[in-house]
Amino acid sequence: VLTMDDVLKRARPVLPVLVIEDAGLAVDLARALYAGGIEVLEVTLRTPRALEALAAIRQALPELLVGAGTVIHAGQFREAQEAGAQFAVSPGCTERLADAADAVGMPWLPGVMTPSEVLFAIEKGYRSLKLFPANGEASVKMLKSFKEPFSGIRFCPTGGITADNLLTFLRLPNVACVGGTWIAPSSLVRARAWDQIAQRAAEACALAAS
Ligand code: 3PG
């Protein structure tokens, strides 16, 4: 069985957060990221064609792990699973979302921001958490403070990550990987700048390996 911990391990260093407007570009985008060394993608359910895009990537590139992001309504877990999503990501963690994640049996990365939210997620049985939003140096400090009280909990900081602060997060022992849109921003996708996207992915991977 695939766990969220497995997903985050394969996602290291970066889980690209994708906002796909044109489902017809999804497979080319995923190919570019894969060429750059990325094995795990998050397709956010923020656009009308997101599920279609997710399904297309899943079908064309079985070597990738594909998840649904911005899951904010319970019903979206089932929709995402039916489209082929292998995991789900949410910006927060509520009772209702946790129950829905349980019901579909899909690995889920709930979002947290505060110690009480971390405790709520732990009580629900989650040990891999999205830290959202990641606010630069302040979040680096917070994650350092989380290390002792929340031992064994692994974080994926997302929201505000760029090539410039990627390493300060990845160096923290409780950071599994980081997430973000900077690898494949909508502007580059719209421009079909596949080489540039592959290069951003490769640069992030190289930086993390250095
Ligand atoms: C997310 O949904 O995880 C965030 O919107 C990504 O934030 P970013 O655009 O700052 O990477």
# chains A, B, ... in the order shown; residues from 1 in each chain; ligands from 1
$ closest_atom_pairs --of "segment 11-92 of chain A" --to "segment 107-127 of chain A" --cutoff "7 Å" --atoms "only C-alpha atoms" --output "tab-separated table"
residue	atom	partner	partner_atom	distance
A:Phe87	CA	A:Pro107	CA	4.8
A:Ala88	CA	A:Trp108	CA	4.8
A:Val89	CA	A:Leu109	CA	4.7
A:Ser90	CA	A:Pro110	CA	5.0
A:Pro91	CA	A:Gly111	CA	4.4
A:Gly92	CA	A:Gly111	CA	3.9
$ closest_atom_pairs --of "chain A" --to "ligand 1" --cutoff "9 Å" --atoms "only C-alpha atoms and all ligand atoms" --output "tab-separated table"
residue	atom	partner	partner_atom_place_in_ligand_line	distance
A:Pro16	CA	ligand 1	11 (O)	8.1
A:Val17	CA	ligand 1	3 (O)	6.0
A:Leu18	CA	ligand 1	2 (O)	8.3
A:Val19	CA	ligand 1	2 (O)	8.7
A:Glu42	CA	ligand 1	3 (O)	8.8
A:Thr44	CA	ligand 1	2 (O)	6.9
A:Gly69	CA	ligand 1	2 (O)	6.8
A:Thr70	CA	ligand 1	2 (O)	5.9
A:Val89	CA	ligand 1	3 (O)	8.3
A:Ser90	CA	ligand 1	2 (O)	8.0
A:Pro91	CA	ligand 1	2 (O)	6.7
A:Lys130	CA	ligand 1	3 (O)	8.4
A:Phe132	CA	ligand 1	3 (O)	7.0
A:Pro133	CA	ligand 1	4 (C)	7.3
A:Ala134	CA	ligand 1	10 (O)	8.1
A:Pro157	CA	ligand 1	3 (O)	8.5
A:Thr158	CA	ligand 1	3 (O)	5.1
A:Gly159	CA	ligand 1	7 (O)	3.2
A:Gly160	CA	ligand 1	10 (O)	3.6
A:Ile161	CA	ligand 1	11 (O)	5.6
A:Thr162	CA	ligand 1	11 (O)	7.3
A:Gly179	CA	ligand 1	3 (O)	6.4
A:Gly180	CA	ligand 1	11 (O)	3.2
A:Thr181	CA	ligand 1	11 (O)	3.9
A:Trp182	CA	ligand 1	11 (O)	5.6
A:Ile183	CA	ligand 1	11 (O)	8.3
A:Pro185	CA	ligand 1	9 (O)	7.9
$ write_last_selection --atoms "N, CA and C atoms" --output "PDB file, in the first residue's frame"
ATOM      1  N   PRO A  16       6.004  19.579  -7.399  1.00  0.00           N
ATOM      2  CA  PRO A  16       5.463  20.709  -8.148  1.00  0.00           C
ATOM      3  C   PRO A  16       3.948  20.815  -7.961  1.00  0.00           C
ATOM      4  N   VAL A  17       3.500  22.025  -7.669  1.00  0.00           N
ATOM      5  CA  VAL A  17       2.072  22.304  -7.509  1.00  0.00           C
ATOM      6  C   VAL A  17       1.606  22.907  -8.830  1.00  0.00           C
ATOM      7  N   LEU A  18       0.727  22.199  -9.520  1.00  0.00           N
ATOM      8  CA  LEU A  18       0.343  22.603 -10.874  1.00  0.00           C
ATOM      9  C   LEU A  18      -1.069  23.180 -10.923  1.00  0.00           C
ATOM     10  N   VAL A  19      -1.193  24.310 -11.589  1.00  0.00           N
ATOM     11  CA  VAL A  19      -2.501  24.931 -11.824  1.00  0.00           C
ATOM     12  C   VAL A  19      -2.702  24.875 -13.333  1.00  0.00           C
ATOM     13  N   GLU A  42       1.492  17.326  -8.226  1.00  0.00           N
ATOM     14  CA  GLU A  42       0.206  17.659  -7.607  1.00  0.00           C
ATOM     15  C   GLU A  42      -0.574  18.550  -8.567  1.00  0.00           C
ATOM     16  N   THR A  44      -3.654  20.788  -8.895  1.00  0.00           N
ATOM     17  CA  THR A  44      -4.617  21.427  -8.005  1.00  0.00           C
ATOM     18  C   THR A  44      -6.005  21.458  -8.643  1.00  0.00           C
ATOM     19  N   GLY A  69      -4.503  18.304  -5.702  1.00  0.00           N
ATOM     20  CA  GLY A  69      -4.254  19.316  -4.675  1.00  0.00           C
ATOM     21  C   GLY A  69      -5.426  20.254  -4.502  1.00  0.00           C
ATOM     22  N   THR A  70      -5.328  21.107  -3.487  1.00  0.00           N
ATOM     23  CA  THR A  70      -6.398  22.038  -3.155  1.00  0.00           C
ATOM     24  C   THR A  70      -7.729  21.297  -2.965  1.00  0.00           C
ATOM     25  N   VAL A  89      -3.962  16.319  -1.511  1.00  0.00           N
ATOM     26  CA  VAL A  89      -3.322  17.345  -0.688  1.00  0.00           C
ATOM     27  C   VAL A  89      -4.351  18.425  -0.380  1.00  0.00           C
ATOM     28  N   SER A  90      -4.377  18.893   0.876  1.00  0.00           N
ATOM     29  CA  SER A  90      -5.292  19.971   1.256  1.00  0.00           C
ATOM     30  C   SER A  90      -4.524  21.073   1.958  1.00  0.00           C
ATOM     31  N   PRO A  91      -5.017  22.305   1.852  1.00  0.00           N
ATOM     32  CA  PRO A  91      -4.327  23.407   2.524  1.00  0.00           C
ATOM     33  C   PRO A  91      -4.571  23.416   4.034  1.00  0.00           C
ATOM     34  N   LYS A 130       1.486  18.930   5.420  1.00  0.00           N
ATOM     35  CA  LYS A 130       1.885  20.072   4.596  1.00  0.00           C
ATOM     36  C   LYS A 130       1.918  21.295   5.503  1.00  0.00           C
ATOM     37  N   PHE A 132       1.513  24.966   5.527  1.00  0.00           N
ATOM     38  CA  PHE A 132       1.003  25.951   4.570  1.00  0.00           C
ATOM     39  C   PHE A 132       0.382  27.135   5.286  1.00  0.00           C
ATOM     40  N   PRO A 133       0.688  28.373   4.845  1.00  0.00           N
ATOM     41  CA  PRO A 133       1.756  28.703   3.906  1.00  0.00           C
ATOM     42  C   PRO A 133       3.105  28.754   4.606  1.00  0.00           C
ATOM     43  N   ALA A 134       4.161  28.466   3.855  1.00  0.00           N
ATOM     44  CA  ALA A 134       5.521  28.564   4.391  1.00  0.00           C
ATOM     45  C   ALA A 134       5.977  30.008   4.214  1.00  0.00           C
ATOM     46  N   PRO A 157       6.783  21.844   3.475  1.00  0.00           N
ATOM     47  CA  PRO A 157       6.459  23.265   3.426  1.00  0.00           C
ATOM     48  C   PRO A 157       6.092  23.681   2.001  1.00  0.00           C
ATOM     49  N   THR A 158       5.024  24.448   1.882  1.00  0.00           N
ATOM     50  CA  THR A 158       4.532  24.872   0.557  1.00  0.00           C
ATOM     51  C   THR A 158       3.888  26.246   0.690  1.00  0.00           C
ATOM     52  N   GLY A 159       3.994  27.031  -0.394  1.00  0.00           N
ATOM     53  CA  GLY A 159       3.381  28.366  -0.372  1.00  0.00           C
ATOM     54  C   GLY A 159       4.464  29.364  -0.037  1.00  0.00           C
ATOM     55  N   GLY A 160       5.135  29.854  -1.071  1.00  0.00           N
ATOM     56  CA  GLY A 160       6.216  30.808  -0.830  1.00  0.00           C
ATOM     57  C   GLY A 160       7.604  30.203  -0.997  1.00  0.00           C
ATOM     58  N   ILE A 161       7.679  28.956  -1.468  1.00  0.00           N
ATOM     59  CA  ILE A 161       8.991  28.336  -1.706  1.00  0.00           C
ATOM     60  C   ILE A 161       9.479  28.751  -3.099  1.00  0.00           C
ATOM     61  N   THR A 162      10.760  29.063  -3.170  1.00  0.00           N
ATOM     62  CA  THR A 162      11.393  29.388  -4.456  1.00  0.00           C
ATOM     63  C   THR A 162      12.778  28.744  -4.473  1.00  0.00           C
ATOM     64  N   GLY A 179       7.024  21.948  -1.559  1.00  0.00           N
ATOM     65  CA  GLY A 179       6.100  22.020  -2.684  1.00  0.00           C
ATOM     66  C   GLY A 179       6.063  23.427  -3.229  1.00  0.00           C
ATOM     67  N   GLY A 180       5.600  23.577  -4.478  1.00  0.00           N
ATOM     68  CA  GLY A 180       5.461  24.932  -4.976  1.00  0.00           C
ATOM     69  C   GLY A 180       5.157  25.039  -6.448  1.00  0.00           C
ATOM     70  N   THR A 181       4.665  26.207  -6.799  1.00  0.00           N
ATOM     71  CA  THR A 181       4.294  26.467  -8.189  1.00  0.00           C
ATOM     72  C   THR A 181       5.446  27.058  -9.006  1.00  0.00           C
ATOM     73  N   TRP A 182       6.526  27.476  -8.309  1.00  0.00           N
ATOM     74  CA  TRP A 182       7.570  28.204  -9.046  1.00  0.00           C
ATOM     75  C   TRP A 182       8.241  27.344 -10.121  1.00  0.00           C
ATOM     76  N   ILE A 183       8.232  26.041  -9.969  1.00  0.00           N
ATOM     77  CA  ILE A 183       8.854  25.147 -10.956  1.00  0.00           C
ATOM     78  C   ILE A 183       8.123  25.226 -12.302  1.00  0.00           C
ATOM     79  N   PRO A 185       5.199  27.628 -13.296  1.00  0.00           N
ATOM     80  CA  PRO A 185       4.149  28.640 -13.166  1.00  0.00           C
ATOM     81  C   PRO A 185       3.243  28.682 -14.400  1.00  0.00           C
TER      82      PRO A 185
END
$ residues_around --residues "Leu143 of chain A" --least-positions-apart "6" --cutoff "12 Å" --atoms "only C-alpha atoms" --output "count of residues only"
30
$ select_by_dssp --residues "segment 34-206 of chain A" --states "helix (DSSP H, G or I)" --output "ChimeraX atom specification"
/A:34-35,50-60,75-83,95-104,115-123,136-147,166-170,186-190,194-206
$ closest_atom_pairs --of "segment 77-183 of chain A" --to "segment 50-64 of chain A" --cutoff "9 Å" --atoms "only C-alpha atoms" --output "CSV"
residue,atom,partner,partner_atom,distance
A:Glu79,CA,A:Leu51,CA,7.8
A:Ala80,CA,A:Leu51,CA,6.6
A:Glu82,CA,A:Ala55,CA,8.7
A:Ala83,CA,A:Ala55,CA,5.0
A:Gly84,CA,A:Ala55,CA,5.6
A:Ala85,CA,A:Leu54,CA,7.0
$ write_last_selection --atoms "C-alpha atoms" --output "mmCIF file, in the first residue's frame"
data_model
loop_
_atom_site.group_PDB
_atom_site.id
_atom_site.type_symbol
_atom_site.label_atom_id
_atom_site.label_comp_id
_atom_site.auth_asym_id
_atom_site.auth_seq_id
_atom_site.Cartn_x
_atom_site.Cartn_y
_atom_site.Cartn_z
ATOM 1 C CA GLU A 79 -13.793 12.659 -7.731
ATOM 2 C CA ALA A 80 -10.005 12.794 -7.573
ATOM 3 C CA GLU A 82 -12.025 8.345 -9.925
ATOM 4 C CA ALA A 83 -9.860 10.552 -12.138
ATOM 5 C CA GLY A 84 -6.842 8.453 -11.143
ATOM 6 C CA ALA A 85 -5.317 10.482 -8.310
#
$ select_by_dssp --residues "segment 36-204 of chain A" --states "strand (DSSP E)" --output "count of residues only"
28
$ residues_around --residues "Val14 of chain A" --least-positions-apart "3" --cutoff "8 Å" --atoms "only C-alpha atoms" --output "VMD selection string"
chain A and resid 11 38 177 to 180 204 to 205
$ write_last_selection --atoms "N, CA and C atoms" --output "compact mmCIF listing (two decimals), in the first residue's frame"
# COMPACT_ATOMS: atom_id res chain seq x y z
N ALA A 11 8.95 12.37 -3.73
CA ALA A 11 8.80 13.76 -4.19
C ALA A 11 10.04 14.59 -3.90
N ILE A 38 11.61 15.02 -11.99
CA ILE A 38 10.47 15.00 -11.04
C ILE A 38 9.68 13.70 -11.21
N CYS A 177 10.16 17.12 1.95
CA CYS A 177 10.33 17.73 0.62
C CYS A 177 9.62 19.07 0.69
N VAL A 178 9.73 19.87 -0.35
CA VAL A 178 8.98 21.13 -0.39
C VAL A 178 8.03 21.08 -1.59
N GLY A 179 7.02 21.95 -1.56
CA GLY A 179 6.10 22.02 -2.68
C GLY A 179 6.06 23.43 -3.23
N GLY A 180 5.60 23.58 -4.48
CA GLY A 180 5.46 24.93 -4.98
C GLY A 180 5.16 25.04 -6.45
N ALA A 204 16.39 22.58 -9.47
CA ALA A 204 15.98 22.32 -8.09
C ALA A 204 16.58 21.00 -7.61
N CYS A 205 16.54 19.99 -8.47
CA CYS A 205 17.09 18.67 -8.10
C CYS A 205 18.60 18.77 -7.89
$ closest_residue --among "A:Leu15, A:Ala35, A:Ala98, A:Leu8" --to "Ala198 of chain A" --atoms "only C-alpha atoms"
A:Ala35
$ closest_residue --among "A:Ser128, A:Leu29, A:Lys9, A:Phe77" --to "Ala103 of chain A" --atoms "only C-alpha atoms"
A:Phe77
$ atom_distance --atom1 "atom CA of Val40 of chain A" --atom2 "atom CA of Asp102 of chain A"
21.6 Å
$ closest_residue --among "A:Val140, A:Ala208, A:Val189, A:Ile20" --to "Ala32 of chain A" --atoms "only C-alpha atoms"
A:Val189
$ decode --residues "segment 5-65 of chain A" --atoms "C-alpha atoms" --output "compact mmCIF listing (two decimals), in the first residue's frame"
# COMPACT_ATOMS: atom_id res chain seq x y z
CA ASP A 5 5.45 9.00 3.60
CA ASP A 6 6.38 7.00 0.46
CA VAL A 7 4.93 9.74 -1.73
CA LEU A 8 6.94 12.47 -0.01
CA LYS A 9 10.13 10.41 -0.18
CA ARG A 10 9.73 10.09 -3.92
CA ALA A 11 8.80 13.76 -4.19
CA ARG A 12 12.03 14.97 -2.59
CA PRO A 13 13.30 17.55 -3.28
CA VAL A 14 10.23 19.16 -4.87
CA LEU A 15 6.56 18.42 -5.30
CA PRO A 16 5.46 20.71 -8.15
CA VAL A 17 2.07 22.30 -7.51
CA LEU A 18 0.34 22.60 -10.87
CA VAL A 19 -2.50 24.93 -11.82
CA ILE A 20 -3.58 23.64 -15.23
CA GLU A 21 -6.02 25.73 -17.25
CA ASP A 22 -5.73 23.86 -20.53
CA ALA A 23 -6.00 20.09 -20.07
CA GLY A 24 -4.52 19.68 -23.55
CA LEU A 25 -1.16 20.87 -22.18
CA ALA A 26 -1.13 18.56 -19.17
CA VAL A 27 0.79 15.65 -20.65
CA ASP A 28 3.49 17.85 -22.22
CA LEU A 29 3.86 19.64 -18.90
CA ALA A 30 4.18 16.37 -16.98
CA ARG A 31 6.73 15.07 -19.51
CA ALA A 32 8.82 18.23 -19.10
CA LEU A 33 8.83 17.83 -15.33
CA TYR A 34 9.72 14.16 -15.61
CA ALA A 35 12.57 15.05 -17.97
CA GLY A 36 13.80 17.43 -15.26
CA GLY A 37 13.90 14.64 -12.68
CA ILE A 38 10.47 15.00 -11.04
CA GLU A 39 8.56 11.83 -10.15
CA VAL A 40 5.59 13.16 -8.18
CA LEU A 41 3.11 15.87 -9.24
CA GLU A 42 0.21 17.66 -7.61
CA VAL A 43 -2.58 18.85 -9.90
CA THR A 44 -4.62 21.43 -8.00
CA LEU A 45 -8.40 21.26 -8.30
CA ARG A 46 -8.57 25.01 -8.84
CA THR A 47 -9.40 24.98 -12.52
CA PRO A 48 -12.44 23.53 -14.30
CA ARG A 49 -10.26 21.11 -16.30
CA ALA A 50 -8.07 19.90 -13.44
CA LEU A 51 -9.56 16.40 -13.14
CA GLU A 52 -9.33 15.90 -16.88
CA ALA A 53 -5.69 17.05 -16.79
CA LEU A 54 -4.95 14.68 -13.91
CA ALA A 55 -6.54 11.73 -15.72
CA ALA A 56 -4.59 12.49 -18.91
CA ILE A 57 -1.26 12.57 -17.04
CA ARG A 58 -2.04 9.35 -15.21
CA GLN A 59 -2.82 7.58 -18.44
CA ALA A 60 0.12 8.86 -20.44
CA LEU A 61 2.80 8.65 -17.74
CA PRO A 62 2.33 5.67 -15.41
CA GLU A 63 5.92 6.16 -14.18
CA LEU A 64 4.79 9.29 -12.31
CA LEU A 65 2.84 9.54 -9.06
